[in-house]
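Participant: Structure file target20.cif (mmCIF, C-alpha atoms) is given on the next line.
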data_entry
loop_
_atom_site.label_atom_id
_atom_site.label_comp_id
_atom_site.auth_asym_id
_atom_site.auth_seq_id
_atom_site.Cartn_x
_atom_site.Cartn_y
_atom_site.Cartn_z
CA MET A 1 210.23 137.49 203.86
CA THR A 2 206.62 137.67 202.64
CA LEU A 3 204.52 134.62 201.90
CA TYR A 4 204.81 135.50 198.24
CA GLY A 5 208.59 135.68 198.64
CA ASN A 6 208.68 132.20 200.26
CA GLU A 7 206.61 130.72 197.48
CA THR A 8 208.87 132.31 194.90
CA ALA A 9 211.96 130.86 196.63
CA ILE A 10 210.37 127.39 196.79
CA LYS A 11 209.34 127.64 193.14
CA GLU A 12 212.86 128.72 192.16
CA GLY A 13 214.31 125.81 194.14
CA GLN A 14 211.94 123.38 192.41
CA ASP A 15 212.80 124.80 189.00
CA ALA A 16 216.51 124.37 189.74
CA GLY A 17 215.86 120.79 190.88
CA ASP A 18 213.80 120.05 187.76
CA GLY A 19 216.56 121.53 185.60
CA ARG A 20 219.14 119.29 187.27
CA ALA A 21 216.92 116.20 186.82
CA ARG A 22 216.38 117.07 183.18
CA ALA A 23 220.11 117.58 182.58
CA TYR A 24 220.92 114.30 184.37
CA LEU A 25 218.32 112.37 182.34
CA GLN A 26 219.46 113.95 179.10
CA ARG A 27 223.04 112.90 179.81
CA PHE A 28 221.96 109.39 180.78
CA LEU A 29 219.92 109.00 177.58
CA GLN A 30 222.76 110.27 175.39
CA ASP A 31 225.29 107.94 177.02
CA ASN A 32 223.02 104.89 176.82
CA ALA A 33 221.11 105.51 173.58
CA VAL A 34 222.42 102.47 171.71
CA HIS A 35 221.94 100.10 174.64
CA LEU A 36 218.40 101.33 175.33
CA GLN A 37 217.39 101.11 171.67
CA THR A 38 218.71 97.56 171.54
CA ILE A 39 216.55 96.64 174.54
CA LEU A 40 213.53 98.24 172.89
CA GLY A 41 214.30 96.28 169.72
CA GLY A 42 214.04 93.12 171.83
CA TYR A 43 210.58 94.18 173.06
CA VAL A 44 209.46 94.99 169.50
CA ALA A 45 210.66 91.61 168.21
CA LYS A 46 209.13 89.63 171.05
CA MET A 47 205.80 91.45 170.71
CA GLY A 48 205.78 90.56 167.03
CA LEU A 49 205.28 94.19 166.01
CA ALA A 50 207.91 94.05 163.27
CA SER A 51 210.55 91.79 161.78
CA GLY A 52 213.95 92.19 160.08
CA SER A 53 215.02 95.80 159.63
CA GLY A 54 211.53 96.93 160.74
CA ILE A 55 212.49 96.05 164.33
CA GLU A 56 215.25 98.66 164.39
CA ALA A 57 213.00 101.28 162.76
CA VAL A 58 210.18 100.80 165.28
CA ALA A 59 212.68 100.74 168.18
CA ALA A 60 214.23 104.02 166.98
CA GLU A 61 210.82 105.66 166.70
CA VAL A 62 209.75 104.49 170.16
CA PHE A 63 213.09 105.60 171.59
CA GLN A 64 212.63 109.13 170.24
CA ASP A 65 209.06 109.37 171.55
CA ALA A 66 210.14 108.00 174.91
CA VAL A 67 213.01 110.50 175.18
CA LEU A 68 210.58 113.38 174.58
CA GLU A 69 208.11 112.02 177.12
CA THR A 70 210.84 111.35 179.71
CA LEU A 71 212.29 114.84 179.44
CA ALA A 72 208.82 116.42 179.48
CA HIS A 73 208.20 114.68 182.83
CA ALA A 74 211.67 115.20 184.28
CA ASP A 75 210.06 116.99 187.26
CA ARG A 76 208.75 113.57 188.41
CA PHE A 77 212.23 112.07 188.51
CA ASN A 78 214.16 111.99 191.79
CA PRO A 79 217.70 110.79 192.56
CA GLU A 80 216.45 107.61 194.28
CA MET A 81 214.93 106.40 191.02
CA GLN A 82 216.73 104.21 188.47
CA PRO A 83 216.75 106.11 185.16
CA ARG A 84 217.02 102.95 183.02
CA ALA A 85 213.99 101.21 184.53
CA TRP A 86 212.01 104.46 184.55
CA PHE A 87 212.81 105.25 180.92
CA LEU A 88 212.14 101.69 179.73
CA ALA A 89 208.79 101.63 181.56
CA ILE A 90 207.83 104.86 179.75
CA ALA A 91 209.02 103.42 176.42
CA ALA A 92 207.20 100.13 177.04
CA ASN A 93 204.00 102.07 177.69
CA ILE A 94 204.50 103.86 174.36
CA LEU A 95 204.98 100.46 172.71
CA LYS A 96 201.75 99.34 174.29
CA ARG A 97 199.99 102.32 172.73
CA HIS A 98 201.60 101.48 169.34
CA ARG A 99 200.31 97.94 169.64
CA ALA A 100 196.79 99.30 169.91
CA SER A 101 197.20 100.99 166.53
CA TYR A 102 198.51 97.71 165.09
CA ALA A 103 195.50 95.96 166.58
CA LYS A 104 193.19 98.20 164.57
CA ARG A 105 194.92 97.16 161.36
CA TYR A 106 195.54 93.51 162.19
CA LYS A 107 192.84 92.92 164.73
CA PHE A 108 192.36 89.19 164.23
CA GLU A 109 196.02 88.19 164.59
CA VAL A 110 196.61 90.37 167.64
CA LEU A 111 193.54 89.09 169.44
CA VAL A 112 194.48 85.47 168.83
CA GLY A 113 198.03 86.19 170.04
CA GLU A 114 196.76 87.85 173.20
CA LEU A 115 194.45 84.97 174.03
CA ALA A 116 197.24 82.44 173.56
CA ASN A 117 199.58 84.48 175.78
CA LYS A 118 196.96 84.82 178.51
CA TYR A 119 196.40 81.06 178.66
CA ASP A 120 200.13 80.34 178.81
CA ASP A 121 200.81 82.99 181.47
CA GLU A 122 198.29 81.51 183.87
CA ASN A 123 199.87 78.08 183.68
CA GLU A 124 203.43 79.42 183.88
CA GLN A 125 202.81 81.45 187.02
CA ASP A 126 201.12 78.46 188.58
CA VAL A 127 204.22 76.27 188.21
CA LEU A 128 206.59 78.96 189.48
CA ASP A 129 204.33 79.59 192.49
CA ARG A 130 204.17 75.91 193.35
CA ILE A 131 207.94 75.61 193.37
CA MET A 132 208.82 78.86 195.10
CA GLN A 133 206.17 78.48 197.82
CA ALA A 134 207.74 75.16 198.74
CA GLY A 135 211.08 76.89 199.09
CA ALA A 136 209.74 79.43 201.60
CA PRO A 137 210.72 78.80 205.23
CA GLY A 138 208.20 77.81 207.87
CA PRO A 139 204.86 76.02 208.06
CA GLU A 140 203.90 72.40 207.60
CA GLN A 141 202.61 73.13 204.13
CA THR A 142 206.24 73.41 203.10
CA LEU A 143 206.69 69.65 203.54
CA ALA A 144 203.61 68.86 201.47
CA GLY A 145 204.77 71.49 199.00
CA ARG A 146 208.18 69.88 198.76
CA GLU A 147 206.54 66.56 197.97
CA THR A 148 204.63 68.23 195.13
CA VAL A 149 207.84 69.82 193.91
CA ARG A 150 209.65 66.46 193.91
CA GLU A 151 206.86 65.10 191.70
CA LEU A 152 207.12 68.17 189.48
CA LEU A 153 210.90 67.96 189.13
CA ALA A 154 210.65 64.27 188.22
CA LEU A 155 209.00 65.43 184.98
CA VAL A 156 212.21 67.02 183.64
CA SER A 157 215.78 65.91 182.93
CA PRO A 158 218.10 65.33 185.92
CA GLU A 159 220.14 68.40 184.84
CA ASP A 160 217.08 70.67 184.83
CA ALA A 161 215.81 69.18 188.08
CA ARG A 162 219.17 69.77 189.76
CA LEU A 163 219.37 73.37 188.52
CA LEU A 164 215.80 74.20 189.58
CA ASN A 165 216.28 72.50 192.92
CA MET A 166 219.44 74.49 193.68
CA ALA A 167 218.01 77.80 192.48
CA LEU A 168 214.45 77.69 193.72
CA LEU A 169 214.47 75.35 196.71
CA GLU A 170 217.96 75.32 198.17
CA GLY A 171 218.13 79.07 197.66
CA TRP A 172 221.40 79.45 195.77
CA ASP A 173 221.59 82.93 194.35
CA ALA A 174 222.41 83.45 190.68
CA SER A 175 225.92 84.76 191.41
CA ALA A 176 226.89 81.71 193.49
CA LEU A 177 225.21 79.31 191.07
CA GLY A 178 226.81 81.08 188.09
CA ALA A 179 230.26 80.85 189.73
CA HIS A 180 229.60 77.14 190.36
CA MET A 181 228.67 76.62 186.68
CA GLY A 182 231.28 79.02 185.25
CA ILE A 183 228.73 81.43 183.71
CA THR A 184 227.45 84.96 184.48
CA PRO A 185 224.50 85.56 186.87
CA GLY A 186 222.41 86.84 183.93
CA THR A 187 223.03 83.68 181.90
CA THR A 188 222.28 81.58 185.00
CA ARG A 189 218.87 83.26 185.32
CA VAL A 190 218.14 82.69 181.64
CA ARG A 191 219.05 78.99 182.00
CA ILE A 192 216.78 78.69 185.04
CA HIS A 193 214.05 80.44 183.07
CA ARG A 194 214.47 77.99 180.19
CA ALA A 195 214.50 74.99 182.54
CA LEU A 196 211.27 76.35 184.06
CA GLY A 197 209.83 76.63 180.55
CA ARG A 198 210.58 72.96 179.90
CA LEU A 199 209.06 72.06 183.27
CA ARG A 200 205.90 74.00 182.38
CA VAL A 201 205.53 72.13 179.10
CA ALA A 202 206.07 68.78 180.84
CA TRP A 203 203.64 69.73 183.61
CA LYS A 204 200.97 70.83 181.15
CA LYS A 205 201.35 67.53 179.30
CA SER A 206 201.11 65.52 182.52
CA GLU A 207 197.97 67.47 183.60
CA GLN A 208 196.39 66.79 180.21
CA GLN A 209 197.18 63.09 180.56
CA LYS A 210 195.64 63.05 184.06
CA GLY A 211 192.54 64.81 182.71
CA ALA A 212 192.22 62.31 179.89
CA ARG A 213 192.13 59.37 182.33
CA MET B 1 227.07 80.91 201.40
CA GLY B 2 225.08 81.92 198.37
CA LYS B 3 221.75 81.79 200.27
CA ARG B 4 219.15 84.45 199.57
CA ASN B 5 217.25 86.76 201.86
CA ASN B 6 213.64 87.69 201.14
CA PRO B 7 214.18 90.92 199.18
CA GLN B 8 216.62 88.98 197.00
CA LEU B 9 214.04 86.20 196.53
CA GLU B 10 211.52 88.81 195.42
CA ARG B 11 214.08 90.18 192.95
CA GLU B 12 214.72 86.71 191.54
CA ARG B 13 210.98 86.24 191.08
CA ALA B 14 210.78 89.61 189.34
CA VAL B 15 213.56 88.56 186.92
CA TYR B 16 211.77 85.30 186.05
CA SER B 17 208.50 87.20 185.58
CA TYR B 18 210.35 89.61 183.31
CA LEU B 19 211.87 86.79 181.24
CA ASP B 20 208.48 85.05 181.01
CA ALA B 21 206.85 88.30 179.89
CA LEU B 22 209.65 88.94 177.40
CA GLU B 23 209.39 85.47 175.91
CA SER B 24 205.62 85.69 175.46
CA GLY B 25 205.68 89.33 174.28
CA ASP B 26 203.56 90.34 177.27
CA ILE B 27 204.23 94.07 177.46
CA ASP B 28 202.14 94.52 180.63
CA GLY B 29 204.32 91.97 182.40
CA ILE B 30 207.46 93.76 181.19
CA ILE B 31 206.12 97.10 182.43
CA ALA B 32 205.23 95.58 185.81
CA SER B 33 208.80 94.24 186.30
CA LEU B 34 210.35 97.55 185.19
CA GLN B 35 208.15 99.50 187.59
CA GLN B 36 209.30 97.20 190.38
CA ALA B 37 212.90 98.13 189.47
CA VAL B 38 212.40 101.90 189.40
CA TYR B 39 213.28 102.18 193.13
CA ASP B 40 215.48 99.07 193.30
CA ALA B 41 218.99 99.47 191.86
CA PRO B 42 220.06 95.79 192.25
CA LEU B 43 216.87 94.63 190.48
CA ASP B 44 217.41 97.19 187.71
CA GLN B 45 220.88 95.69 187.13
CA MET B 46 219.59 92.11 187.32
CA LEU B 47 216.92 92.82 184.69
CA ASP B 48 219.47 94.44 182.41
CA ASP B 49 221.91 91.51 182.75
CA ALA B 50 219.17 88.92 182.23
CA HIS B 51 217.83 90.77 179.18
CA GLN B 52 221.27 90.81 177.55
CA ALA B 53 221.97 87.18 178.44
CA TYR B 54 218.58 86.15 177.05
CA PHE B 55 219.25 87.62 173.62
CA GLN B 56 222.88 86.44 173.59
CA GLU B 57 221.68 82.88 174.21
CA GLU B 58 218.97 83.25 171.58
CA GLN B 59 221.53 84.54 169.07
CA ALA B 60 223.91 81.69 169.93
CA GLN B 61 221.11 79.17 169.33
CA GLN B 62 220.24 80.79 165.99
CA ASP B 63 223.92 80.74 164.97
CA GLU B 64 224.14 77.07 165.92
CA ILE B 65 221.03 76.23 163.85
CA ALA B 66 222.38 78.24 160.89
CA GLU B 67 225.70 76.38 161.11
CA ILE B 68 223.98 72.98 161.21
CA GLU B 69 221.85 73.95 158.22
CA ALA B 70 224.92 75.17 156.32
CA GLN B 71 226.79 71.93 157.10
CA THR B 72 223.77 69.88 155.98
CA THR B 73 223.62 71.81 152.72
CA VAL B 74 227.34 71.38 152.11
CA SER B 75 227.08 67.64 152.86
CA ARG B 76 224.19 67.32 150.41
CA LEU B 77 226.04 69.22 147.69
CA PHE B 78 229.48 67.68 148.07
CA GLY B 79 228.83 64.54 150.08
CA SER B 80 228.91 62.19 147.07
CA GLU B 81 232.06 63.84 145.72
CA ASN B 82 233.91 63.64 149.06
CA PRO B 83 236.61 60.96 148.79
CA GLY B 84 236.37 60.43 152.57
CA ASN B 85 232.87 59.10 152.10
CA ASP B 86 233.86 56.41 149.66
#
With the file now loaded, output its structure as structure tokens.
Facilitator:
Amino acid sequence: MTLYGNETAIKEGQDAGDGRARAYLQRFLQDNAVHLQTILGGYVAKMGLASGSGIEAVAAEVFQDAVLETLAHADRFNPEMQPRAWFLAIAANILKRHRASYAKRYKFEVLVGELANKYDDENEQDVLDRIMQAGAPGPEQTLAGRETVRELLALVSPEDARLLNMALLEGWDASALGAHMGITPGTTRVRIHRALGRLRVAWKKSEQQKGAR
Amino acid sequence: MGKRNNPQLERERAVYSYLDALESGDIDGIIASLQQAVYDAPLDQMLDDAHQAYFQEEQAQQDEIAEIEAQTTVSRLFGSENPGND
């Protein structure tokens, strides 16, 4: 076989692979259209891009654009990838681009919102890092870290402290913890997330009080 | 039993980062968590479950508030006419 012939065979093989990826993605998107649009609606609502029936309209528009973009780049998809996460990442990037166009129209509000989010994110990550570092196995810092965590957990209710202690320090996974509490692993994670939120608020307040002294 | 290994710990962190990003409308944070899940099937499932649970809980809270508000309105409207209150 000539070099040209080899290249043609490789190209034909790639084309067949791309066609299969495209067909697989198309099927996945058809089967999961409602679920994916609902998730996108959640992003739209939480980003404050629309409200009421506008949420569904924006989500539907983003979904359509994301489907076109996903299928246009089907050659980049391989069987080891998760189609849902890949598609949603593409759609979220489209949403990000939409937000820029909103920013042009409602610049002031968007900028204020972004600044507020940035400030909150820094504090939130700080609290999560403090707790989860203390839960990591090994060095002496862990003991000092655990002391800090005890002080942190004293800021919240005994129920929240117990939940956070089990999840983040004792290392219970969400399935085991959920079974213990009689709820699903997803709900368990949301409850931990909310307990962390309350801890962050309490921690912020306590830091402000320390600073005021 | 129920103890986590390190990849699982990383996944749990990714879920909390996702929920934090979702709550604050931080689309970059959402994208970062999703990209982490592109080659990680268990994380992809965990994010999906957590996303659904998050909005179910939010809906349940809204329903609860709406019910309390409705009960308050009914009490205000009919409270004085309710013989049980006499």
Participant: Using only C-alpha atoms, which protein or nucleic acid residues come within 6 Å of stretch 36-51 of chain B? Drop anything in the same chain fewer than 2 positions from it, and give the result as JSON, numbers by chain.
Facilitator: {"A": [81, 82, 85, 86, 186], "B": [11, 15, 33, 34, 53, 54]}
Participant: Using C-alpha atoms, can you export the residues from the last selection as a PDB file, in the coordinates of the input?
Facilitator:
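Ended up saving to result08.pdb:
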ATOM      1  CA  MET A  81     214.930 106.400 191.020  1.00  0.00           C
ATOM      2  CA  GLN A  82     216.730 104.210 188.470  1.00  0.00           C
ATOM      3  CA  ALA A  85     213.990 101.210 184.530  1.00  0.00           C
ATOM      4  CA  TRP A  86     212.010 104.460 184.550  1.00  0.00           C
ATOM      5  CA  GLY A 186     222.410  86.840 183.930  1.00  0.00           C
TER       6      GLY A 186
ATOM      7  CA  ARG B  11     214.080  90.180 192.950  1.00  0.00           C
ATOM      8  CA  VAL B  15     213.560  88.560 186.920  1.00  0.00           C
ATOM      9  CA  SER B  33     208.800  94.240 186.300  1.00  0.00           C
ATOM     10  CA  LEU B  34     210.350  97.550 185.190  1.00  0.00           C
ATOM     11  CA  ALA B  53     221.970  87.180 178.440  1.00  0.00           C
ATOM     12  CA  TYR B  54     218.580  86.150 177.050  1.00  0.00           C
TER      13      TYR B  54
END
Participant: Quick one: pull the distance between atom CA of A:Asn165 and atom CA of A:Arg200, Å, one decimal.
Facilitator: 14.9 Å
Participant: Report as a Markdown table the residues of chain A within 9 Å of chain B, each with its shortest atom pair and distance in Å (one decimal), using all atoms listed in the file, ordered by chain and increasing residue number.
Facilitator:
| residue | atom | partner | partner_atom | distance |
| --- | --- | --- | --- | --- |
| A:Ile39 | CA | B:His51 | CA | 7.6 |
| A:Gly42 | CA | B:Phe55 | CA | 7.8 |
| A:Tyr43 | CA | B:Leu22 | CA | 6.9 |
| A:Val44 | CA | B:Gly25 | CA | 8.3 |
| A:Ala45 | CA | B:Gly25 | CA | 8.2 |
| A:Lys46 | CA | B:Gly25 | CA | 4.7 |
| A:Met47 | CA | B:Gly25 | CA | 4.2 |
| A:Gly48 | CA | B:Gly25 | CA | 7.4 |
| A:Glu80 | CA | B:Tyr39 | CA | 6.4 |
| A:Met81 | CA | B:Tyr39 | CA | 5.0 |
| A:Gln82 | CA | B:Val38 | CA | 5.0 |
| A:Pro83 | CA | B:Val38 | CA | 7.4 |
| A:Arg84 | CA | B:Asp44 | CA | 7.4 |
| A:Ala85 | CA | B:Val38 | CA | 5.2 |
| A:Trp86 | CA | B:Val38 | CA | 5.5 |
| A:Leu88 | CA | B:Leu34 | CA | 7.1 |
| A:Ala89 | CA | B:Ile31 | CA | 5.3 |
| A:Ile90 | CA | B:Ile31 | CA | 8.4 |
| A:Ala92 | CA | B:Ile31 | CA | 6.3 |
| A:Asn93 | CA | B:Ile31 | CA | 7.2 |
| A:Leu95 | CA | B:Ile27 | CA | 8.0 |
| A:Lys96 | CA | B:Ile27 | CA | 6.6 |
| A:Glu114 | CA | B:Asp26 | CA | 8.3 |
| A:Asn117 | CA | B:Ser24 | CA | 6.2 |
| A:Lys118 | CA | B:Asp26 | CA | 8.7 |
| A:Asp120 | CA | B:Ser24 | CA | 8.4 |
| A:Asp121 | CA | B:Asp20 | CA | 8.0 |
| A:Glu124 | CA | B:Asp20 | CA | 8.1 |
| A:Gln125 | CA | B:Ser17 | CA | 8.2 |
| A:Leu128 | CA | B:Arg13 | CA | 8.7 |
| A:Met132 | CA | B:Arg13 | CA | 8.7 |
| A:Leu168 | CA | B:Leu9 | CA | 9.0 |
| A:Glu170 | CA | B:Lys3 | CA | 7.8 |
| A:Gly171 | CA | B:Lys3 | CA | 5.2 |
| A:Trp172 | CA | B:Lys3 | CA | 5.1 |
| A:Asp173 | CA | B:Gly2 | CA | 5.4 |
| A:Ala174 | CA | B:Gly2 | CA | 8.3 |
| A:Ser175 | CA | B:Gly2 | CA | 7.6 |
| A:Ala176 | CA | B:Gly2 | CA | 5.2 |
| A:Leu177 | CA | B:Gly2 | CA | 7.8 |
| A:Thr184 | CA | B:Ala53 | CA | 8.5 |
| A:Pro185 | CA | B:Asp49 | CA | 7.7 |
| A:Gly186 | CA | B:Ala50 | CA | 4.2 |
| A:Thr187 | CA | B:Ala53 | CA | 5.0 |
| A:Thr188 | CA | B:Ala50 | CA | 8.4 |
| A:Arg189 | CA | B:Ala50 | CA | 6.5 |
| A:Val190 | CA | B:Tyr54 | CA | 5.8 |
| A:Arg191 | CA | B:Tyr54 | CA | 8.7 |
| A:Ile192 | CA | B:Tyr16 | CA | 8.4 |
| A:His193 | CA | B:Tyr16 | CA | 6.1 |
| A:Gly197 | CA | B:Asp20 | CA | 8.5 |
Participant: Tell me which protein, DNA and RNA residues are within 9 Å of A:Gln26, counting only C-alpha atoms, leaving out same-chain ones fewer than 5 positions away, and put them as a PDB file with C-alpha atoms, in the coordinates of the input.
Facilitator:
ATOM      1  CA  ALA A  21     216.920 116.200 186.820  1.00  0.00           C
ATOM      2  CA  ASP A  31     225.290 107.940 177.020  1.00  0.00           C
ATOM      3  CA  VAL A  67     213.010 110.500 175.180  1.00  0.00           C
ATOM      4  CA  LEU A  71     212.290 114.840 179.440  1.00  0.00           C
TER       5      LEU A  71
END
Participant: Please return as a VMD selection string every residue within 12 Å of (217.3, 71.3, 192.3), taking into account all atoms listed in the file and the file's own coordinates.
Facilitator: chain A and resid 131 to 132 135 146 149 to 150 152 to 154 156 to 172 177 192 195 to 196
Participant: If you measure from atom CA of A:Ala60 to atom CA of A:Arg20, what distance in Å do you get, rounded to one decimal?
Facilitator: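 A separation of 25.9 Å between them.
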Participant: Do you have the atom CA of A:Ala74-atom CA of A:Arg22 distance handy?
Facilitator: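 Taking atom CA of A:Ala74 as the start and atom CA of A:Arg22 as the end point, the length is 5.2 Å.
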Participant: To test the calculation: enclose all listed atoms of stretch 61-72 of chain A in a box whose edges run along x, y and z, add 5 Å on each side, then state centre and edge lengths in Å to one decimal, as lines of an AutoDock Vina configuration file.
Facilitator:
center_x = 210.6
center_y = 110.5
center_z = 173.2
size_x = 15.0
size_y = 21.9
size_z = 23.0
Participant: In the coordinates of the file, take the point (217.5, 105.0, 174.0) and a cut-off of 9 Å; then, counting only C-alpha atoms, name each qualifying protein, DNA or RNA residue as a list in words.
Facilitator: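 Those residues lying close to the given coordinates are Leu29, Gln30, Asp31, Asn32, Ala33, Val34, His35, Leu36, Gln37, Thr38, Ile39, Leu40, Ala59, Ala60, Val62, Phe63, Gln64, Ala66, Val67, Phe87, Leu88 and Ala91 of chain A.
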